[in-house]
Amino acid sequence: MSTPPLPDVERLLLGPGPSPVSPRIMRAMAAPVLSHLDPDMLRIMDDLRARLGRVFMAPADGYSLAVSGTGSAGMEMAVANLVREGTHVLVIVSGYFGERLADLCSRYGALVGRLDVPWGRAVDPEMVRRALKQTPADIVAMVHAETSTGVLNPVEAVAQIARENGCLMLVDAVTSLGAHPVDVAGWQLDAVYSCTQKGLGAPSGMAPICFSARAKERAKSRSFYFDLGLLEAYWSGRKYHHTISAPLVYAVREALVAVEEETLEARFARHRRHHMVLAAGLGAMGLELLPPEGERLWTLNAVCVPDGVDEAAVRKYLLQQFNLEIGAGLGPLAGRIWRVGLMGSGSSSQLILLFLSGLERALRAQGFAVSPGTGTAAAGDALSSLTTA
Ligand SMILES: Cc1ncc(COP(=O)(O)O)c(C=O)c1O
């Protein structure tokens, strides 16, 4: 059997994640490996935790760390520590990852109340108020940035309602952290997790997570690996729990340094601007985004596939002709949308212009009527007006 080669050329990652990893973060991973209890390693981990706290905008008495594992590990850690047999959890389900959250809560013994929202729309906070009035809950759980639909959910407003009803607030910020504001202290959130491979721009493999003091007091985990108490005893108490991956810690720390060098405000503005530039280009080409304006993510653009166009053929064309990856729809949206991610260093005007020209060619190859240069011209105009505004 022949040995499949490692990639030698950068794939242009404009899918739902992972996002491109910049060279400085790749270089950080090449530093010599330290062991998991080496004093130098622990100092780097302290620095990582402090930086995570700032990116999460965590309260002073909150606790942030990066658990080993992908975004799903963050989800499982939040649930494992706060949900036990009989815990009442209201889960807002507005897409594929809300479904996963509801499933995980059930697996940990929760009595799950679902608040289903049509895929492609954000939840109305008043629906949450009504649902809690009808069936009180201990926890409200929701996805901030629903990657399957491109929708941004109003976490701040829902968290206020959760608090008024005495609930803890558990939030999935996998596709928002580092790109959209996630204000754990200001919004008074209790357990918030994310991933490293999207807005933060590192490879996948760790899940940043932040607990409020209130949630930390209540934390009790049946899972050994995700036990907050044991992980705090490792990260802060220097007591062995597991053999953390040094290259991943270096990568995430470097990614957080890059975030702070850019500043969170500038990073949010960049993600917003590029989303608008892409939307202008797509609109000029006669393409529509699934969520209505005002409910759209900056990180993930759910683009409706026009009638008569073969969704998979377009993705294949972009991959083969442009070395560029975009994502397919999940669940009921399979075949109906493309998911175009602009996250981390992938949120760039050059990549948008390249993607739009590739998409235009792919669509024209299928007989879709669009004049050459329409999308890139509109995106270029939007870029000039947004940059000078
Ligand atoms: C909103 C959301 N939650 C959870 C996950 C799971 O993350 P991972 O695939 O890193 O385990 C994803 C992955 O894309 C996601 O988009």
# chains A, B, ... in the order shown; residues from 1 in each chain; ligands from 1
$ residues_around --residues "region 250-263 of chain A" --least-positions-apart "5" --cutoff "10 Å" --atoms "only C-alpha atoms" --output "ChimeraX atom specification"
/A:21-22,24-33,41,44-52,54-55,66,178-179,196-197,199-208,245,268,270,344
$ residues_around --residues "Arg361 (chain A)" --least-positions-apart "5" --cutoff "12 Å" --atoms "only C-alpha atoms" --output "PyMOL selection string"
chain A and resi 285+313-315+317-318+321-322+354-356+366-376
$ residues_near_ligand --ligand "ligand 1" --cutoff "10 Å" --atoms "only C-alpha atoms and all ligand atoms" --output "mmCIF file with N, CA and C atoms, in the first residue's frame"
data_model
loop_
_atom_site.group_PDB
_atom_site.id
_atom_site.type_symbol
_atom_site.label_atom_id
_atom_site.label_comp_id
_atom_site.auth_asym_id
_atom_site.auth_seq_id
_atom_site.Cartn_x
_atom_site.Cartn_y
_atom_site.Cartn_z
ATOM 1 N N GLY A 15 -14.387 26.782 5.438
ATOM 2 C CA GLY A 15 -15.549 25.996 5.860
ATOM 3 C C GLY A 15 -15.955 26.380 7.272
ATOM 4 N N PRO A 16 -16.755 25.520 7.907
ATOM 5 C CA PRO A 16 -17.250 25.818 9.259
ATOM 6 C C PRO A 16 -16.203 25.596 10.347
ATOM 7 N N GLY A 17 -14.989 25.332 9.992
ATOM 8 C CA GLY A 17 -13.900 25.070 10.929
ATOM 9 C C GLY A 17 -13.328 23.704 10.631
ATOM 10 N N PRO A 18 -12.016 23.537 10.720
ATOM 11 C CA PRO A 18 -11.047 24.481 11.250
ATOM 12 C C PRO A 18 -10.804 25.666 10.326
ATOM 13 N N GLY A 69 -9.021 18.223 24.336
ATOM 14 C CA GLY A 69 -10.149 17.705 23.537
ATOM 15 C C GLY A 69 -10.688 18.823 22.664
ATOM 16 N N THR A 70 -11.582 18.490 21.766
ATOM 17 C CA THR A 70 -12.125 19.511 20.849
ATOM 18 C C THR A 70 -13.309 20.235 21.501
ATOM 19 N N GLY A 71 -14.010 21.032 20.724
ATOM 20 C CA GLY A 71 -15.155 21.783 21.251
ATOM 21 C C GLY A 71 -16.154 20.887 21.976
ATOM 22 N N SER A 72 -16.339 19.683 21.481
ATOM 23 C CA SER A 72 -17.288 18.759 22.123
ATOM 24 C C SER A 72 -16.839 18.393 23.534
ATOM 25 N N ALA A 73 -15.525 18.417 23.777
ATOM 26 C CA ALA A 73 -15.020 18.161 25.128
ATOM 27 C C ALA A 73 -15.430 19.314 26.050
ATOM 28 N N GLY A 74 -15.423 20.523 25.513
ATOM 29 C CA GLY A 74 -15.881 21.662 26.298
ATOM 30 C C GLY A 74 -17.353 21.505 26.645
ATOM 31 N N MET A 75 -18.129 21.084 25.636
ATOM 32 C CA MET A 75 -19.565 20.871 25.865
ATOM 33 C C MET A 75 -19.761 19.812 26.951
ATOM 34 N N GLU A 76 -19.011 18.728 26.828
ATOM 35 C CA GLU A 76 -19.187 17.629 27.784
ATOM 36 C C GLU A 76 -18.732 18.051 29.182
ATOM 37 N N GLY A 95 -30.677 24.315 15.947
ATOM 38 C CA GLY A 95 -29.823 23.743 14.911
ATOM 39 C C GLY A 95 -29.144 22.473 15.409
ATOM 40 N N TYR A 96 -28.205 22.023 14.625
ATOM 41 C CA TYR A 96 -27.526 20.747 14.863
ATOM 42 C C TYR A 96 -26.802 20.730 16.215
ATOM 43 N N PHE A 97 -26.163 21.849 16.594
ATOM 44 C CA PHE A 97 -25.378 21.820 17.831
ATOM 45 C C PHE A 97 -26.253 22.017 19.066
ATOM 46 N N GLY A 98 -27.397 22.659 18.905
ATOM 47 C CA GLY A 98 -28.383 22.682 19.985
ATOM 48 C C GLY A 98 -28.901 21.270 20.241
ATOM 49 N N GLU A 99 -29.102 20.508 19.167
ATOM 50 C CA GLU A 99 -29.520 19.098 19.288
ATOM 51 C C GLU A 99 -28.485 18.317 20.091
ATOM 52 N N ARG A 100 -27.204 18.546 19.754
ATOM 53 C CA ARG A 100 -26.134 17.806 20.445
ATOM 54 C C ARG A 100 -26.112 18.150 21.934
ATOM 55 N N LEU A 101 -26.347 19.418 22.232
ATOM 56 C CA LEU A 101 -26.375 19.863 23.624
ATOM 57 C C LEU A 101 -27.519 19.180 24.381
ATOM 58 N N MET A 142 -27.799 26.972 25.814
ATOM 59 C CA MET A 142 -28.017 27.405 24.427
ATOM 60 C C MET A 142 -26.703 27.557 23.666
ATOM 61 N N VAL A 143 -26.831 27.576 22.356
ATOM 62 C CA VAL A 143 -25.691 27.797 21.469
ATOM 63 C C VAL A 143 -25.714 29.267 21.039
ATOM 64 N N HIS A 144 -24.606 29.951 21.263
ATOM 65 C CA HIS A 144 -24.518 31.364 20.894
ATOM 66 C C HIS A 144 -24.485 31.496 19.367
ATOM 67 N N ALA A 145 -23.496 30.821 18.750
ATOM 68 C CA ALA A 145 -23.306 30.905 17.295
ATOM 69 C C ALA A 145 -23.615 29.528 16.718
ATOM 70 N N GLU A 146 -24.797 29.379 16.125
ATOM 71 C CA GLU A 146 -25.220 28.055 15.630
ATOM 72 C C GLU A 146 -24.591 27.827 14.253
ATOM 73 N N THR A 147 -23.533 27.034 14.248
ATOM 74 C CA THR A 147 -22.723 26.819 13.049
ATOM 75 C C THR A 147 -23.485 26.117 11.931
ATOM 76 N N SER A 148 -24.553 25.403 12.286
ATOM 77 C CA SER A 148 -25.281 24.681 11.238
ATOM 78 C C SER A 148 -26.213 25.590 10.445
ATOM 79 N N THR A 149 -26.532 26.774 10.982
ATOM 80 C CA THR A 149 -27.498 27.650 10.313
ATOM 81 C C THR A 149 -26.964 29.060 10.055
ATOM 82 N N GLY A 150 -25.813 29.387 10.663
ATOM 83 C CA GLY A 150 -25.253 30.733 10.498
ATOM 84 C C GLY A 150 -25.964 31.783 11.334
ATOM 85 N N VAL A 171 -23.539 28.141 28.048
ATOM 86 C CA VAL A 171 -23.483 28.671 26.674
ATOM 87 C C VAL A 171 -22.372 28.018 25.847
ATOM 88 N N ASP A 172 -22.738 27.626 24.633
ATOM 89 C CA ASP A 172 -21.779 27.138 23.635
ATOM 90 C C ASP A 172 -21.302 28.348 22.837
ATOM 91 N N ALA A 173 -20.001 28.657 22.981
ATOM 92 C CA ALA A 173 -19.421 29.790 22.234
ATOM 93 C C ALA A 173 -18.361 29.271 21.260
ATOM 94 N N VAL A 174 -18.602 28.066 20.725
ATOM 95 C CA VAL A 174 -17.608 27.407 19.871
ATOM 96 C C VAL A 174 -17.309 28.242 18.621
ATOM 97 N N THR A 175 -18.342 28.830 18.018
ATOM 98 C CA THR A 175 -18.127 29.570 16.764
ATOM 99 C C THR A 175 -18.188 31.081 16.989
ATOM 100 N N SER A 176 -18.126 31.513 18.258
ATOM 101 C CA SER A 176 -18.137 32.962 18.493
ATOM 102 C C SER A 176 -16.876 33.462 19.184
ATOM 103 N N TYR A 193 -18.174 27.452 26.970
ATOM 104 C CA TYR A 193 -17.053 26.712 26.385
ATOM 105 C C TYR A 193 -16.910 27.090 24.927
ATOM 106 N N SER A 194 -15.704 26.790 24.396
ATOM 107 C CA SER A 194 -15.456 27.093 22.989
ATOM 108 C C SER A 194 -14.504 26.039 22.417
ATOM 109 N N CYS A 195 -13.875 26.393 21.313
ATOM 110 C CA CYS A 195 -12.891 25.498 20.705
ATOM 111 C C CYS A 195 -11.682 26.352 20.355
ATOM 112 N N THR A 196 -10.637 25.730 19.856
ATOM 113 C CA THR A 196 -9.443 26.500 19.504
ATOM 114 C C THR A 196 -9.321 26.731 18.001
ATOM 115 N N GLN A 197 -10.126 25.993 17.202
ATOM 116 C CA GLN A 197 -9.867 25.945 15.748
ATOM 117 C C GLN A 197 -10.740 26.880 14.914
ATOM 118 N N LYS A 198 -11.417 27.825 15.562
ATOM 119 C CA LYS A 198 -12.261 28.729 14.753
ATOM 120 C C LYS A 198 -11.806 30.169 14.965
ATOM 121 N N PRO A 203 -4.904 25.150 15.925
ATOM 122 C CA PRO A 203 -5.470 23.859 15.500
ATOM 123 C C PRO A 203 -6.480 23.359 16.531
ATOM 124 N N SER A 204 -7.305 22.395 16.154
ATOM 125 C CA SER A 204 -8.246 21.833 17.131
ATOM 126 C C SER A 204 -7.480 20.975 18.124
ATOM 127 N N GLY A 205 -8.097 20.738 19.272
ATOM 128 C CA GLY A 205 -7.465 19.842 20.245
ATOM 129 C C GLY A 205 -7.577 20.310 21.684
ATOM 130 N N MET A 206 -7.990 21.578 21.882
ATOM 131 C CA MET A 206 -8.257 22.033 23.248
ATOM 132 C C MET A 206 -9.577 22.789 23.233
ATOM 133 N N ALA A 207 -10.234 22.814 24.374
ATOM 134 C CA ALA A 207 -11.508 23.528 24.471
ATOM 135 C C ALA A 207 -11.439 24.526 25.622
ATOM 136 N N LEU A 300 -19.765 32.642 10.223
ATOM 137 C CA LEU A 300 -20.243 31.547 9.386
ATOM 138 C C LEU A 300 -21.428 32.025 8.565
#
$ select_by_dssp --residues "region 3-201 of chain A" --states "alpha helix (DSSP H)" --output "ChimeraX atom specification"
/A:23-28,39-55,71-82,96-107,125-134,155-164
$ closest_residue --among "A:Trp119, A:Ala382, A:Leu319, A:Val67" --to "Leu333 (chain A)" --atoms "only C-alpha atoms"
A:Trp119
$ residues_around --residues "Asp190 (chain A)" --least-positions-apart "2" --cutoff "6 Å" --atoms "only C-alpha atoms" --output "JSON, numbers by chain"
{"A": [168, 169, 170, 211, 212, 215]}
$ residues_around --residues "Val184 (chain A)" --least-positions-apart "5" --cutoff "6 Å" --atoms "only C-alpha atoms" --output "PyMOL selection string"
chain A and resi 56-58+189
$ write_last_selection --atoms "C-alpha atoms" --output "short mmCIF file (atom, residue, chain, number, x, y, z; two decimals), in the first residue's frame"
data_model
loop_
_atom_site.label_atom_id
_atom_site.label_comp_id
_atom_site.auth_asym_id
_atom_site.auth_seq_id
_atom_site.Cartn_x
_atom_site.Cartn_y
_atom_site.Cartn_z
CA PHE A 56 -13.86 35.36 27.79
CA MET A 57 -14.18 38.71 29.65
CA ALA A 58 -14.51 36.52 32.72
CA LEU A 189 -22.94 33.61 32.23
#
$ closest_residue --among "A:Pro125, A:Gly62, A:Pro39, A:Gly335" --to "Pro154 (chain A)" --atoms "only C-alpha atoms"
A:Pro125
$ residues_around --residues "Asn81 (chain A)" --least-positions-apart "5" --cutoff "9 Å" --atoms "only C-alpha atoms" --output "PDB file with N, CA, C and O atoms, in the first residue's frame"
ATOM      1  N   GLU A  76     -19.011  18.728  26.828  1.00  0.00           N
ATOM      2  CA  GLU A  76     -19.187  17.629  27.784  1.00  0.00           C
ATOM      3  C   GLU A  76     -18.732  18.051  29.182  1.00  0.00           C
ATOM      4  O   GLU A  76     -19.345  17.677  30.177  1.00  0.00           O
ATOM      5  N   ALA A 215     -21.278  28.779  39.480  1.00  0.00           N
ATOM      6  CA  ALA A 215     -21.294  27.460  38.841  1.00  0.00           C
ATOM      7  C   ALA A 215     -20.226  26.569  39.458  1.00  0.00           C
ATOM      8  O   ALA A 215     -20.446  25.368  39.649  1.00  0.00           O
ATOM      9  N   LYS A 216     -19.088  27.166  39.794  1.00  0.00           N
ATOM     10  CA  LYS A 216     -17.980  26.381  40.349  1.00  0.00           C
ATOM     11  C   LYS A 216     -18.398  25.763  41.684  1.00  0.00           C
ATOM     12  O   LYS A 216     -18.086  24.610  41.976  1.00  0.00           O
ATOM     13  N   ARG A 218     -21.275  24.809  42.497  1.00  0.00           N
ATOM     14  CA  ARG A 218     -22.234  23.710  42.279  1.00  0.00           C
ATOM     15  C   ARG A 218     -21.631  22.551  41.501  1.00  0.00           C
ATOM     16  O   ARG A 218     -22.259  21.513  41.346  1.00  0.00           O
ATOM     17  N   ALA A 219     -20.400  22.726  40.994  1.00  0.00           N
ATOM     18  CA  ALA A 219     -19.833  21.710  40.097  1.00  0.00           C
ATOM     19  C   ALA A 219     -19.551  20.406  40.835  1.00  0.00           C
ATOM     20  O   ALA A 219     -19.005  20.404  41.936  1.00  0.00           O
ATOM     21  N   LYS A 220     -19.944  19.314  40.191  1.00  0.00           N
ATOM     22  CA  LYS A 220     -19.709  17.972  40.742  1.00  0.00           C
ATOM     23  C   LYS A 220     -19.788  17.052  39.535  1.00  0.00           C
ATOM     24  O   LYS A 220     -20.800  17.051  38.833  1.00  0.00           O
ATOM     25  N   SER A 221     -18.710  16.328  39.289  1.00  0.00           N
ATOM     26  CA  SER A 221     -18.663  15.592  38.028  1.00  0.00           C
ATOM     27  C   SER A 221     -18.511  14.093  38.227  1.00  0.00           C
ATOM     28  O   SER A 221     -17.656  13.640  38.983  1.00  0.00           O
ATOM     29  N   ARG A 222     -19.333  13.356  37.499  1.00  0.00           N
ATOM     30  CA  ARG A 222     -19.187  11.910  37.512  1.00  0.00           C
ATOM     31  C   ARG A 222     -18.045  11.496  36.574  1.00  0.00           C
ATOM     32  O   ARG A 222     -17.452  10.450  36.713  1.00  0.00           O
ATOM     33  N   SER A 223     -17.764  12.360  35.597  1.00  0.00           N
ATOM     34  CA  SER A 223     -16.667  12.088  34.672  1.00  0.00           C
ATOM     35  C   SER A 223     -15.342  12.440  35.347  1.00  0.00           C
ATOM     36  O   SER A 223     -15.196  13.517  35.935  1.00  0.00           O
ATOM     37  N   PHE A 226     -13.271  15.132  32.930  1.00  0.00           N
ATOM     38  CA  PHE A 226     -13.794  16.500  32.823  1.00  0.00           C
ATOM     39  C   PHE A 226     -14.101  17.127  34.184  1.00  0.00           C
ATOM     40  O   PHE A 226     -14.794  18.133  34.251  1.00  0.00           O
ATOM     41  N   ASP A 227     -13.630  16.519  35.262  1.00  0.00           N
ATOM     42  CA  ASP A 227     -13.941  17.002  36.608  1.00  0.00           C
ATOM     43  C   ASP A 227     -13.257  18.358  36.855  1.00  0.00           C
ATOM     44  O   ASP A 227     -12.026  18.444  36.890  1.00  0.00           O
ATOM     45  N   LEU A 228     -14.073  19.401  37.035  1.00  0.00           N
ATOM     46  CA  LEU A 228     -13.518  20.741  37.210  1.00  0.00           C
ATOM     47  C   LEU A 228     -12.592  20.813  38.413  1.00  0.00           C
ATOM     48  O   LEU A 228     -11.521  21.423  38.358  1.00  0.00           O
TER      49      LEU A 228
END
$ atom_distance --atom1 "CA of Leu248 (chain A)" --atom2 "CA of Ala80 (chain A)"
23.3 Å
$ atom_distance --atom1 "CA of Leu330 (chain A)" --atom2 "CA of Ala302 (chain A)"
10.9 Å
$ atom_distance --atom1 "CA of Pro181 (chain A)" --atom2 "CA of Leu324 (chain A)"
27.8 Å
$ residues_around --residues "Glu311 (chain A)" --least-positions-apart "4" --cutoff "10 Å" --atoms "only C-alpha atoms" --output "list in words"
Cys304, Val305, Pro306, Asp307, Arg315, Lys316, Ala328, Gly329, Ala334, Gly335, Arg336, Ile337, Trp338 and Leu363 of chain A
$ decode --residues "region 164-232 of chain A" --atoms "C-alpha atoms" --output "mmCIF file, in the first residue's frame"
data_model
loop_
_atom_site.group_PDB
_atom_site.id
_atom_site.type_symbol
_atom_site.label_atom_id
_atom_site.label_comp_id
_atom_site.auth_asym_id
_atom_site.auth_seq_id
_atom_site.Cartn_x
_atom_site.Cartn_y
_atom_site.Cartn_z
ATOM 1 C CA GLU A 164 -34.485 36.319 36.858
ATOM 2 C CA ASN A 165 -35.768 32.753 37.009
ATOM 3 C CA GLY A 166 -32.930 31.498 39.222
ATOM 4 C CA CYS A 167 -31.304 29.371 36.486
ATOM 5 C CA LEU A 168 -27.639 28.866 35.700
ATOM 6 C CA MET A 169 -26.730 29.855 32.148
ATOM 7 C CA LEU A 170 -24.711 27.393 30.040
ATOM 8 C CA VAL A 171 -23.483 28.671 26.674
ATOM 9 C CA ASP A 172 -21.779 27.138 23.635
ATOM 10 C CA ALA A 173 -19.421 29.790 22.234
ATOM 11 C CA VAL A 174 -17.608 27.407 19.871
ATOM 12 C CA THR A 175 -18.127 29.570 16.764
ATOM 13 C CA SER A 176 -18.137 32.962 18.493
ATOM 14 C CA LEU A 177 -15.165 33.225 20.892
ATOM 15 C CA GLY A 178 -12.422 35.443 19.466
ATOM 16 C CA ALA A 179 -14.647 36.779 16.671
ATOM 17 C CA HIS A 180 -17.951 37.950 18.246
ATOM 18 C CA PRO A 181 -18.138 39.513 21.726
ATOM 19 C CA VAL A 182 -18.590 36.864 24.450
ATOM 20 C CA ASP A 183 -18.882 38.766 27.731
ATOM 21 C CA VAL A 184 -19.040 36.204 30.526
ATOM 22 C CA ALA A 185 -18.912 38.791 33.343
ATOM 23 C CA GLY A 186 -21.112 41.449 31.730
ATOM 24 C CA TRP A 187 -23.775 38.963 30.634
ATOM 25 C CA GLN A 188 -23.424 36.989 33.897
ATOM 26 C CA LEU A 189 -22.940 33.608 32.234
ATOM 27 C CA ASP A 190 -22.130 30.532 34.316
ATOM 28 C CA ALA A 191 -20.469 27.950 32.070
ATOM 29 C CA VAL A 192 -19.173 28.892 28.624
ATOM 30 C CA TYR A 193 -17.053 26.712 26.385
ATOM 31 C CA SER A 194 -15.456 27.093 22.989
ATOM 32 C CA CYS A 195 -12.891 25.498 20.705
ATOM 33 C CA THR A 196 -9.443 26.500 19.504
ATOM 34 C CA GLN A 197 -9.867 25.945 15.748
ATOM 35 C CA LYS A 198 -12.261 28.729 14.753
ATOM 36 C CA GLY A 199 -12.188 32.340 15.971
ATOM 37 C CA LEU A 200 -8.951 31.806 17.890
ATOM 38 C CA GLY A 201 -7.126 30.405 14.852
ATOM 39 C CA ALA A 202 -5.188 27.536 16.489
ATOM 40 C CA PRO A 203 -5.470 23.859 15.500
ATOM 41 C CA SER A 204 -8.246 21.833 17.131
ATOM 42 C CA GLY A 205 -7.465 19.842 20.245
ATOM 43 C CA MET A 206 -8.257 22.033 23.248
ATOM 44 C CA ALA A 207 -11.508 23.528 24.471
ATOM 45 C CA PRO A 208 -11.390 26.824 26.378
ATOM 46 C CA ILE A 209 -13.972 26.840 29.140
ATOM 47 C CA CYS A 210 -14.962 29.341 31.805
ATOM 48 C CA PHE A 211 -17.072 28.865 34.960
ATOM 49 C CA SER A 212 -18.570 31.569 37.186
ATOM 50 C CA ALA A 213 -17.989 31.305 40.944
ATOM 51 C CA ARG A 214 -21.672 30.345 41.303
ATOM 52 C CA ALA A 215 -21.294 27.460 38.841
ATOM 53 C CA LYS A 216 -17.980 26.381 40.349
ATOM 54 C CA GLU A 217 -19.598 26.004 43.769
ATOM 55 C CA ARG A 218 -22.234 23.710 42.279
ATOM 56 C CA ALA A 219 -19.833 21.710 40.097
ATOM 57 C CA LYS A 220 -19.709 17.972 40.742
ATOM 58 C CA SER A 221 -18.663 15.592 38.028
ATOM 59 C CA ARG A 222 -19.187 11.910 37.512
ATOM 60 C CA SER A 223 -16.667 12.088 34.672
ATOM 61 C CA PHE A 224 -13.046 11.825 35.822
ATOM 62 C CA TYR A 225 -11.533 13.437 32.741
ATOM 63 C CA PHE A 226 -13.794 16.500 32.823
ATOM 64 C CA ASP A 227 -13.941 17.002 36.608
ATOM 65 C CA LEU A 228 -13.518 20.741 37.210
ATOM 66 C CA GLY A 229 -12.174 20.203 40.741
ATOM 67 C CA LEU A 230 -9.500 17.786 39.517
ATOM 68 C CA LEU A 231 -8.606 20.006 36.570
ATOM 69 C CA GLU A 232 -8.293 23.034 38.843
#
